[in-house]
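start-v7.cif follows; it contains mmCIF, C-alpha atoms.
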data_structure
#
loop_
_atom_site.label_atom_id
_atom_site.label_comp_id
_atom_site.auth_asym_id
_atom_site.auth_seq_id
_atom_site.Cartn_x
_atom_site.Cartn_y
_atom_site.Cartn_z
CA MET A 976 -66.42 123.38 256.60
CA SER A 977 -69.34 123.61 254.17
CA GLU A 978 -72.38 125.56 255.31
CA ILE A 979 -74.63 123.84 252.75
CA TYR A 980 -77.12 121.38 254.21
CA LEU A 981 -80.02 119.43 252.77
CA GLY A 982 -83.34 118.86 254.55
CA LEU A 983 -85.96 116.20 253.76
CA MET A 984 -89.49 116.21 255.14
CA SER A 985 -92.35 113.75 254.72
CA GLY A 986 -95.21 114.63 257.01
CA THR A 987 -98.53 113.41 258.34
CA SER A 988 -100.30 114.11 255.04
CA LEU A 989 -98.44 111.15 253.45
CA ASP A 990 -98.43 112.82 250.04
CA GLY A 991 -94.71 112.75 249.37
CA VAL A 992 -91.32 114.28 250.16
CA ASP A 993 -90.17 117.89 250.14
CA GLY A 994 -86.47 118.64 249.99
CA VAL A 995 -84.54 121.87 250.39
CA LEU A 996 -80.88 122.61 249.72
CA ALA A 997 -79.92 125.48 252.01
CA ASP A 998 -76.87 127.65 252.58
CA PHE A 999 -76.35 128.82 256.17
CA SER A 1000 -73.30 131.00 255.52
CA ALA A 1001 -73.10 133.98 257.88
CA ASN A 1002 -75.57 132.06 260.09
CA LYS A 1003 -78.49 133.00 257.83
CA LEU A 1004 -80.81 130.87 255.70
CA ARG A 1005 -80.60 131.05 251.92
CA VAL A 1006 -82.61 128.45 250.00
CA LEU A 1007 -80.64 127.27 246.97
CA ALA A 1008 -83.25 124.87 245.59
CA HIS A 1009 -86.47 123.06 246.41
CA SER A 1010 -87.63 119.72 245.06
CA SER A 1011 -90.49 117.36 245.80
CA ALA A 1012 -91.50 113.83 244.87
CA PRO A 1013 -94.89 112.17 245.39
CA PHE A 1014 -95.26 108.78 246.99
CA ALA A 1015 -96.40 105.92 244.83
CA LEU A 1016 -99.90 104.89 245.86
CA ALA A 1017 -98.70 101.54 247.23
CA LEU A 1018 -96.11 103.22 249.47
CA SER A 1019 -98.55 105.84 250.69
CA GLN A 1020 -101.11 103.14 251.54
CA GLU A 1021 -98.51 101.03 253.34
CA LEU A 1022 -97.24 103.97 255.40
CA LEU A 1023 -100.81 104.79 256.36
CA ALA A 1024 -101.53 101.16 257.30
CA LEU A 1025 -98.41 101.05 259.48
CA ASN A 1026 -99.90 103.75 261.70
CA SER A 1027 -101.91 100.90 263.24
CA SER A 1028 -100.78 97.54 264.59
CA ASP A 1029 -101.21 94.70 262.12
CA LYS A 1030 -99.71 91.41 261.01
CA ASP A 1031 -95.95 91.30 260.39
CA GLU A 1032 -95.59 95.03 260.94
CA LEU A 1033 -91.89 94.91 261.89
CA HIS A 1034 -90.98 93.28 258.57
CA ARG A 1035 -93.28 95.60 256.62
CA SER A 1036 -91.95 98.67 258.44
CA ALA A 1037 -88.37 97.81 257.51
CA LEU A 1038 -89.24 97.43 253.84
CA ALA A 1039 -91.38 100.57 253.84
CA ALA A 1040 -88.46 102.50 255.33
CA ASN A 1041 -86.22 101.28 252.52
CA ALA A 1042 -88.77 102.36 249.92
CA LEU A 1043 -89.16 105.74 251.61
CA VAL A 1044 -85.41 106.32 251.59
CA ARG A 1045 -85.22 105.58 247.87
CA VAL A 1046 -87.68 108.45 247.32
CA TYR A 1047 -85.50 110.60 249.57
CA ALA A 1048 -82.46 109.72 247.44
CA GLN A 1049 -84.32 110.76 244.28
CA VAL A 1050 -85.04 114.17 245.81
CA VAL A 1051 -81.39 114.54 246.86
CA ALA A 1052 -80.22 113.74 243.32
CA ASP A 1053 -82.70 116.24 241.86
CA LEU A 1054 -81.53 119.01 244.19
CA LEU A 1055 -77.88 118.41 243.28
CA MET A 1056 -78.76 118.41 239.58
CA LYS A 1057 -80.75 121.66 239.88
CA THR A 1058 -77.88 123.46 241.59
CA GLY A 1059 -75.01 121.80 239.78
CA LEU A 1060 -73.40 121.00 243.12
CA ASN A 1061 -71.31 117.93 243.79
CA ARG A 1062 -72.33 115.79 246.77
CA THR A 1063 -69.05 116.77 248.47
CA ALA A 1064 -70.38 120.34 248.75
CA VAL A 1065 -73.14 119.20 251.14
CA ALA A 1066 -72.15 118.96 254.80
CA ALA A 1067 -75.04 116.69 255.74
CA ILE A 1068 -78.62 115.66 255.04
CA GLY A 1069 -81.26 116.07 257.72
CA THR A 1070 -84.04 113.52 257.32
CA HIS A 1071 -87.23 113.54 259.35
CA GLY A 1072 -88.45 110.06 258.46
CA GLN A 1073 -92.13 109.10 258.44
CA THR A 1074 -93.94 109.19 261.76
CA VAL A 1075 -96.06 106.08 262.35
CA ARG A 1076 -96.42 106.31 266.15
CA HIS A 1077 -96.18 109.26 268.47
CA ARG A 1078 -96.92 108.50 272.12
CA PRO A 1079 -94.58 110.63 274.25
CA GLN A 1080 -94.94 110.42 278.05
CA SER A 1081 -97.40 107.53 277.65
CA PHE A 1082 -97.46 104.03 279.18
CA ASP A 1083 -94.27 104.11 281.27
CA GLY A 1084 -93.92 107.86 281.72
CA THR A 1085 -91.38 108.23 278.91
CA GLY A 1086 -93.32 106.83 276.00
CA TYR A 1087 -91.88 106.82 272.49
CA THR A 1088 -91.99 108.29 269.02
CA ILE A 1089 -91.29 106.24 265.88
CA GLN A 1090 -90.26 107.63 262.51
CA LEU A 1091 -89.69 105.05 259.80
CA ASP A 1092 -86.35 105.72 258.14
CA ASN A 1093 -83.13 104.02 257.05
CA PRO A 1094 -80.47 106.74 257.33
CA ALA A 1095 -77.67 104.19 256.79
CA LEU A 1096 -79.16 103.32 253.40
CA LEU A 1097 -79.56 107.01 252.55
CA ALA A 1098 -75.88 107.60 253.34
CA GLU A 1099 -74.99 104.69 251.05
CA LEU A 1100 -77.22 105.90 248.21
CA THR A 1101 -76.09 109.53 248.34
CA GLY A 1102 -72.53 109.44 249.64
CA ILE A 1103 -73.43 112.25 252.05
CA ASP A 1104 -73.44 112.26 255.87
CA VAL A 1105 -76.98 111.82 257.19
CA VAL A 1106 -78.54 113.06 260.43
CA ALA A 1107 -81.78 111.37 261.51
CA ASP A 1108 -83.95 110.45 264.52
CA PHE A 1109 -84.32 114.01 265.78
CA ARG A 1110 -87.23 113.43 268.14
CA SER A 1111 -86.11 110.55 270.37
CA ARG A 1112 -83.61 112.46 272.51
CA ASP A 1113 -86.17 115.05 273.50
CA VAL A 1114 -88.66 112.30 274.43
CA ALA A 1115 -85.93 110.58 276.47
CA ALA A 1116 -85.43 113.88 278.31
CA GLY A 1117 -89.09 113.92 279.29
CA GLY A 1118 -90.35 116.04 276.39
CA GLN A 1119 -92.99 115.69 273.72
CA GLY A 1120 -90.40 115.37 270.94
CA ALA A 1121 -92.60 117.74 268.94
CA PRO A 1122 -92.99 120.20 267.48
CA LEU A 1123 -89.33 120.74 266.55
CA VAL A 1124 -89.77 123.60 264.08
CA PRO A 1125 -90.28 126.44 266.63
CA ALA A 1126 -86.52 126.66 267.28
CA PHE A 1127 -85.99 127.01 263.52
CA HIS A 1128 -88.79 129.56 263.31
CA GLN A 1129 -86.98 131.58 265.95
CA PHE A 1130 -83.75 131.40 263.94
CA VAL A 1131 -85.39 132.57 260.69
CA PHE A 1132 -88.38 134.69 261.68
CA GLY A 1133 -87.68 135.95 265.22
CA ARG A 1134 -87.61 139.72 265.64
CA ALA A 1135 -86.27 141.34 268.78
CA GLY A 1136 -88.89 143.40 270.55
CA GLU A 1137 -91.78 141.97 268.54
CA LYS A 1138 -94.13 139.00 268.89
CA VAL A 1139 -94.29 136.81 265.76
CA LEU A 1140 -96.85 134.06 265.17
CA MET A 1141 -96.17 131.11 262.84
CA LEU A 1142 -98.87 128.57 262.02
CA ASN A 1143 -97.73 125.43 260.22
CA VAL A 1144 -100.70 123.61 258.70
CA GLY A 1145 -99.53 120.18 257.59
CA GLY A 1146 -101.43 117.01 258.45
CA ILE A 1147 -101.37 118.34 262.00
CA ALA A 1148 -101.41 122.09 262.65
CA ASN A 1149 -98.89 123.57 265.06
CA LEU A 1150 -98.48 127.12 266.33
CA THR A 1151 -95.22 128.85 267.18
CA VAL A 1152 -95.22 132.02 269.27
CA LEU A 1153 -91.95 133.93 269.04
CA GLY A 1154 -91.81 136.41 271.90
CA PRO A 1155 -90.08 139.80 271.87
CA ARG A 1156 -87.14 138.44 273.88
CA LEU A 1157 -86.56 135.80 271.18
CA ALA A 1158 -85.31 132.50 272.64
CA GLU A 1159 -86.52 133.37 276.13
CA ASP A 1160 -90.14 133.60 274.99
CA VAL A 1161 -90.64 130.84 272.39
CA ILE A 1162 -93.56 128.46 272.81
CA GLY A 1163 -94.99 126.00 270.34
CA PHE A 1164 -97.49 123.14 270.31
CA ASP A 1165 -99.83 121.13 268.11
CA CYS A 1166 -103.22 122.80 267.86
CA GLY A 1167 -104.96 119.75 266.41
CA PRO A 1168 -105.81 118.43 262.94
CA GLY A 1169 -104.70 120.49 259.96
CA ASN A 1170 -105.13 118.62 256.68
CA VAL A 1171 -105.15 115.06 257.97
CA MET A 1172 -108.90 114.60 258.27
CA LEU A 1173 -109.64 116.78 255.23
CA ASP A 1174 -107.40 114.64 253.03
CA ALA A 1175 -108.76 111.36 254.37
CA TRP A 1176 -112.38 112.38 253.80
CA CYS A 1177 -111.62 113.73 250.32
CA GLN A 1178 -109.84 110.51 249.35
CA ARG A 1179 -112.74 108.45 250.62
CA HIS A 1180 -115.50 110.35 248.79
CA LEU A 1181 -113.82 111.95 245.76
CA GLY A 1182 -110.91 109.60 245.19
CA GLN A 1183 -108.59 112.61 245.23
CA ALA A 1184 -105.51 113.04 247.39
CA PHE A 1185 -106.69 116.40 248.76
CA ASP A 1186 -109.38 119.05 248.41
CA ALA A 1187 -107.64 121.37 245.93
CA ASP A 1188 -107.92 124.98 247.11
CA GLY A 1189 -110.62 123.86 249.56
CA ALA A 1190 -113.15 124.10 246.73
CA TRP A 1191 -115.20 121.08 247.82
CA ALA A 1192 -115.40 122.29 251.41
CA ALA A 1193 -116.35 125.77 250.25
CA SER A 1194 -119.34 124.30 248.37
CA GLY A 1195 -120.70 122.64 251.51
CA ARG A 1196 -122.49 123.80 254.65
CA ILE A 1197 -120.92 123.93 258.10
CA ASP A 1198 -123.03 121.82 260.44
CA THR A 1199 -122.93 123.54 263.82
CA ASP A 1200 -124.09 120.46 265.74
CA PHE A 1201 -121.32 118.33 264.24
CA LEU A 1202 -118.77 121.08 264.85
CA THR A 1203 -119.80 121.22 268.51
CA VAL A 1204 -119.27 117.47 268.81
CA LEU A 1205 -115.85 117.70 267.16
CA LEU A 1206 -114.76 120.51 269.44
CA GLU A 1207 -115.54 118.38 272.50
CA GLU A 1208 -112.38 116.36 271.81
CA PRO A 1209 -110.41 116.53 275.11
CA TYR A 1210 -107.10 117.15 273.35
CA PHE A 1211 -108.14 120.70 272.50
CA SER A 1212 -108.41 121.70 276.16
CA LEU A 1213 -105.15 120.08 277.29
CA PRO A 1214 -102.52 122.48 278.63
CA ILE A 1215 -99.29 122.99 276.73
CA PRO A 1216 -96.80 121.50 276.04
CA LYS A 1217 -98.69 119.02 273.92
CA SER A 1218 -98.38 117.21 270.59
CA THR A 1219 -100.54 114.83 268.61
CA GLY A 1220 -100.83 112.91 265.35
CA ARG A 1221 -102.62 110.07 263.61
CA ASP A 1222 -102.61 108.09 266.86
CA LEU A 1223 -105.58 110.29 267.77
CA PHE A 1224 -106.84 112.03 264.65
CA ASN A 1225 -107.63 109.22 262.23
CA PRO A 1226 -110.66 107.81 260.35
CA ASP A 1227 -111.78 105.79 263.38
CA TRP A 1228 -111.89 108.98 265.44
CA LEU A 1229 -113.99 110.64 262.75
CA THR A 1230 -116.37 107.68 262.54
CA ARG A 1231 -116.99 107.86 266.29
CA GLN A 1232 -117.84 111.55 266.05
CA LEU A 1233 -120.17 111.05 263.08
CA GLU A 1234 -122.08 108.41 265.03
CA ARG A 1235 -123.05 111.10 267.52
CA VAL A 1236 -124.97 113.25 265.01
CA ALA A 1237 -127.65 112.85 262.35
CA PRO A 1238 -126.42 111.69 258.94
CA LEU A 1239 -124.69 114.41 256.92
CA ALA A 1240 -123.91 114.87 253.25
CA PRO A 1241 -120.21 114.16 252.59
CA VAL A 1242 -119.64 117.70 251.32
CA ASP A 1243 -121.04 119.11 254.58
CA VAL A 1244 -118.71 116.88 256.58
CA GLN A 1245 -115.79 118.31 254.58
CA ALA A 1246 -116.97 121.86 255.19
CA THR A 1247 -117.28 121.18 258.92
CA LEU A 1248 -113.89 119.47 259.15
CA THR A 1249 -112.31 122.50 257.50
CA GLU A 1250 -114.06 124.70 260.00
CA LEU A 1251 -112.72 122.51 262.80
CA SER A 1252 -109.15 123.05 261.60
CA ALA A 1253 -109.70 126.80 261.31
CA SER A 1254 -111.43 126.97 264.71
CA VAL A 1255 -108.80 125.13 266.76
CA CYS A 1256 -105.98 127.09 265.12
CA ALA A 1257 -107.74 130.41 265.66
CA ALA A 1258 -108.50 129.56 269.29
CA SER A 1259 -104.80 128.85 269.87
CA VAL A 1260 -103.83 132.14 268.26
CA GLU A 1261 -106.33 134.06 270.37
CA GLN A 1262 -105.11 132.39 273.56
CA TYR A 1263 -101.37 132.83 273.00
CA GLY A 1264 -101.05 135.51 270.33
CA THR A 1265 -102.05 138.65 272.14
CA ASP A 1266 -99.98 141.75 271.32
CA SER A 1267 -99.56 140.58 267.72
CA LYS A 1268 -101.51 141.54 264.63
CA GLU A 1269 -100.04 139.15 262.07
CA LEU A 1270 -100.27 135.41 261.54
CA ILE A 1271 -97.82 133.80 259.10
CA VAL A 1272 -99.06 130.47 257.68
CA CYS A 1273 -96.86 127.76 256.16
CA GLY A 1274 -97.30 124.11 255.19
CA GLY A 1275 -99.71 122.72 252.63
CA GLY A 1276 -102.65 124.41 254.34
CA ALA A 1277 -101.35 127.80 253.19
CA TYR A 1278 -102.40 126.79 249.66
CA ASN A 1279 -105.97 126.03 250.76
CA SER A 1280 -107.57 129.41 250.05
CA HIS A 1281 -110.86 128.40 251.70
CA LEU A 1282 -109.07 127.47 254.93
CA MET A 1283 -107.12 130.75 254.79
CA VAL A 1284 -110.42 132.64 254.39
CA ARG A 1285 -111.91 130.83 257.37
CA LEU A 1286 -108.84 131.62 259.49
CA GLN A 1287 -109.14 135.27 258.56
CA GLN A 1288 -112.85 135.24 259.43
CA HIS A 1289 -112.06 133.83 262.88
CA LEU A 1290 -109.22 136.31 263.40
CA PRO A 1291 -110.49 139.67 262.09
CA SER A 1292 -107.91 141.67 264.04
CA PHE A 1293 -105.00 139.70 262.51
CA HIS A 1294 -103.46 139.88 259.07
CA VAL A 1295 -103.38 136.23 257.97
CA LYS A 1296 -100.78 135.68 255.25
CA SER A 1297 -98.67 132.97 253.64
CA SER A 1298 -94.98 132.63 254.49
CA GLN A 1299 -94.44 133.23 250.76
CA ALA A 1300 -95.07 136.91 251.51
CA ILE A 1301 -91.95 137.02 253.69
CA GLY A 1302 -89.68 135.14 251.32
CA LEU A 1303 -90.04 131.45 252.17
CA ALA A 1304 -92.49 129.25 250.27
CA PRO A 1305 -94.90 127.34 252.54
CA LEU A 1306 -93.73 123.89 251.42
CA GLN A 1307 -90.07 124.79 251.97
CA VAL A 1308 -90.29 125.71 255.65
CA GLU A 1309 -90.27 122.26 257.29
CA ALA A 1310 -87.68 120.81 254.91
CA ALA A 1311 -85.46 123.83 255.56
CA ALA A 1312 -85.98 123.25 259.28
CA PHE A 1313 -84.50 119.76 259.03
CA ALA A 1314 -81.53 121.09 257.09
CA TRP A 1315 -81.00 123.49 260.00
CA LEU A 1316 -81.45 120.73 262.56
CA ALA A 1317 -78.82 118.66 260.75
CA ARG A 1318 -76.43 121.61 260.95
CA LYS A 1319 -77.06 121.98 264.67
CA ALA A 1320 -76.27 118.27 265.19
CA ILE A 1321 -73.06 118.43 263.15
CA LEU A 1322 -71.95 121.49 265.15
CA ARG A 1323 -72.93 119.71 268.40
CA GLU A 1324 -75.30 122.53 269.31
CA THR A 1325 -78.60 122.11 271.14
CA ALA A 1326 -81.69 122.47 268.98
CA SER A 1327 -84.65 121.78 271.26
CA LEU A 1328 -86.53 124.26 273.40
CA LYS A 1329 -87.70 123.29 276.88
CA THR A 1330 -90.48 125.89 276.65
CA VAL A 1331 -91.87 124.07 273.60
CA THR A 1332 -91.54 120.35 274.33
CA GLY A 1333 -91.47 120.34 278.13
CA ALA A 1334 -88.20 118.37 278.24
CA GLN A 1335 -85.81 118.69 281.18
CA GLY A 1336 -83.64 120.99 279.10
CA ALA A 1337 -82.23 121.75 275.66
CA ARG A 1338 -80.61 118.77 273.95
CA ILE A 1339 -78.48 118.03 270.89
CA LEU A 1340 -80.90 116.25 268.55
CA GLY A 1341 -80.24 113.59 265.95
CA ALA A 1342 -77.98 110.62 265.25
CA ILE A 1343 -75.21 110.99 262.67
CA TYR A 1344 -74.53 108.38 259.96
CA PRO A 1345 -71.25 109.20 258.19
CA ALA A 1346 -71.14 108.51 254.45
#
Starting from the file, lay out its structure as structure tokens.
Amino acid sequence: MSEIYLGLMSGTSLDGVDGVLADFSANKLRVLAHSSAPFALALSQELLALNSSDKDELHRSALAANALVRVYAQVVADLLMKTGLNRTAVAAIGTHGQTVRHRPQSFDGTGYTIQLDNPALLAELTGIDVVADFRSRDVAAGGQGAPLVPAFHQFVFGRAGEKVLMLNVGGIANLTVLGPRLAEDVIGFDCGPGNVMLDAWCQRHLGQAFDADGAWAASGRIDTDFLTVLLEEPYFSLPIPKSTGRDLFNPDWLTRQLERVAPLAPVDVQATLTELSASVCAASVEQYGTDSKELIVCGGGAYNSHLMVRLQQHLPSFHVKSSQAIGLAPLQVEAAAFAWLARKAILRETASLKTVTGAQGARILGAIYPA
């Protein structure tokens, strides 16, 4: 059986799709190729709008999922072209889908998580088996359904006898703590906003998708009063396990916080929002990362040099570095994780961690759509 799997990730930042073609021969990760594709503006705007209830959202969600999958199929085709591999060489595609609601344990005690996707269409377009809907089983088992990457982090980065810290800064930032006893000691949770508020504010005031290198934030002033207000958000003091998303951290949330302080220049808001991301991540590291001196950062936030500087300032006793330094590019980590999750599903192996999500136990994740 082939040990080549393909992972597709489109995250909270809504900027596009990352894909990784990975070889897991000898039960180790080797990235064969990476590809990415941006979302067209209309699709990005529709996916963002579908994070809130609105007219005809079931119809719109179905069509948005179809459009999303066509971008996925483009990335798959590009990865096969780059490597010269035939589709028959790929055991399966793992697709995350696009999260538009994440309310685990809410309302009826079980709650739900919704990722827009059409894995049946992706199987048709690519001729490759597809594994999708990774989060629902964990939620059904009483868990948060997120984050799912800590189990993958343990597979790739875990070191026996040593504590390893992984910080993924996507739209939402999540921390993984890999303990010295490996699987026995893994914890992971969402710290709070990563890039989600930074991107939204930058789009609103500069018309740009993101604050490249954090340059705009770096030119502003951190407003300590506003930062204090932001840090009063109850989510930050919740015990783990916990997860979050745009259901909480969205423009309406930001507007409510801004109403509590004197008017600020937009650039100072951006500087303070960046400091918020750095502060909540650093606080999580300090609380759970004792006995470690290194923090490995992945996700788009690893390319924000100003945010990386602020993290280092908050964590002077840690060496803050990009995952690139240990052989895996920051934008490849999550896509590679979903390739690995697809492999676990095909092999009928559990892929969730009770210590991370709070579920009743480890579960096999994902639904399989044969080509």
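Against this structure, the PyMOL selection byres ((chain A and resi 1314) around 7) ends up with A:Tyr980, A:Leu981, A:Gly982, A:Ala997, A:Ile1068, A:Gly1069, A:Ala1310, A:Ala1311, A:Ala1312, A:Phe1313, A:Trp1315, A:Leu1316, A:Ala1317, A:Arg1318.
Proximity ranking of A:Asn1002, A:Leu1290, A:Leu1153, A:Phe1014 relative to Arg1045 in chain A places A:Phe1014 first, based on all atoms listed in the file.
Of the residues listed (A:Asp1188, A:Asp1083, A:Asp993, A:Glu1099), A:Asp1188 shows the shortest atom-to-atom separation from Leu1173 in chain A; distances use only C-alpha atoms.
What separates CA of Phe1164 in chain A from CA of Thr1332 in chain A is a distance of 7.7 Å.
Take the PyMOL selection byres ((chain A and resi 1276-1283) around 6) and apply it to this file: it picks Val1144, Asp1188, Gly1189, Val1272, Cys1273, Gly1274, Gly1275, Val1284, Arg1285, Leu1286 and Ser1297 of chain A.
Closest to Val1308 in chain A among A:Leu1023, A:Ala1039, A:Ala1257, A:Leu1142 is A:Leu1142, based on all atoms listed in the file.
Among the candidates A:Thr1219, A:Thr1085, A:Thr1247, A:Gln1262, the residue lying nearest to Pro1122 in chain A is A:Thr1219 (atoms considered: all atoms listed in the file).
Taking CA of Phe1109 in chain A and CA of Thr1325 in chain A as endpoints, the distance between them is 11.3 Å.
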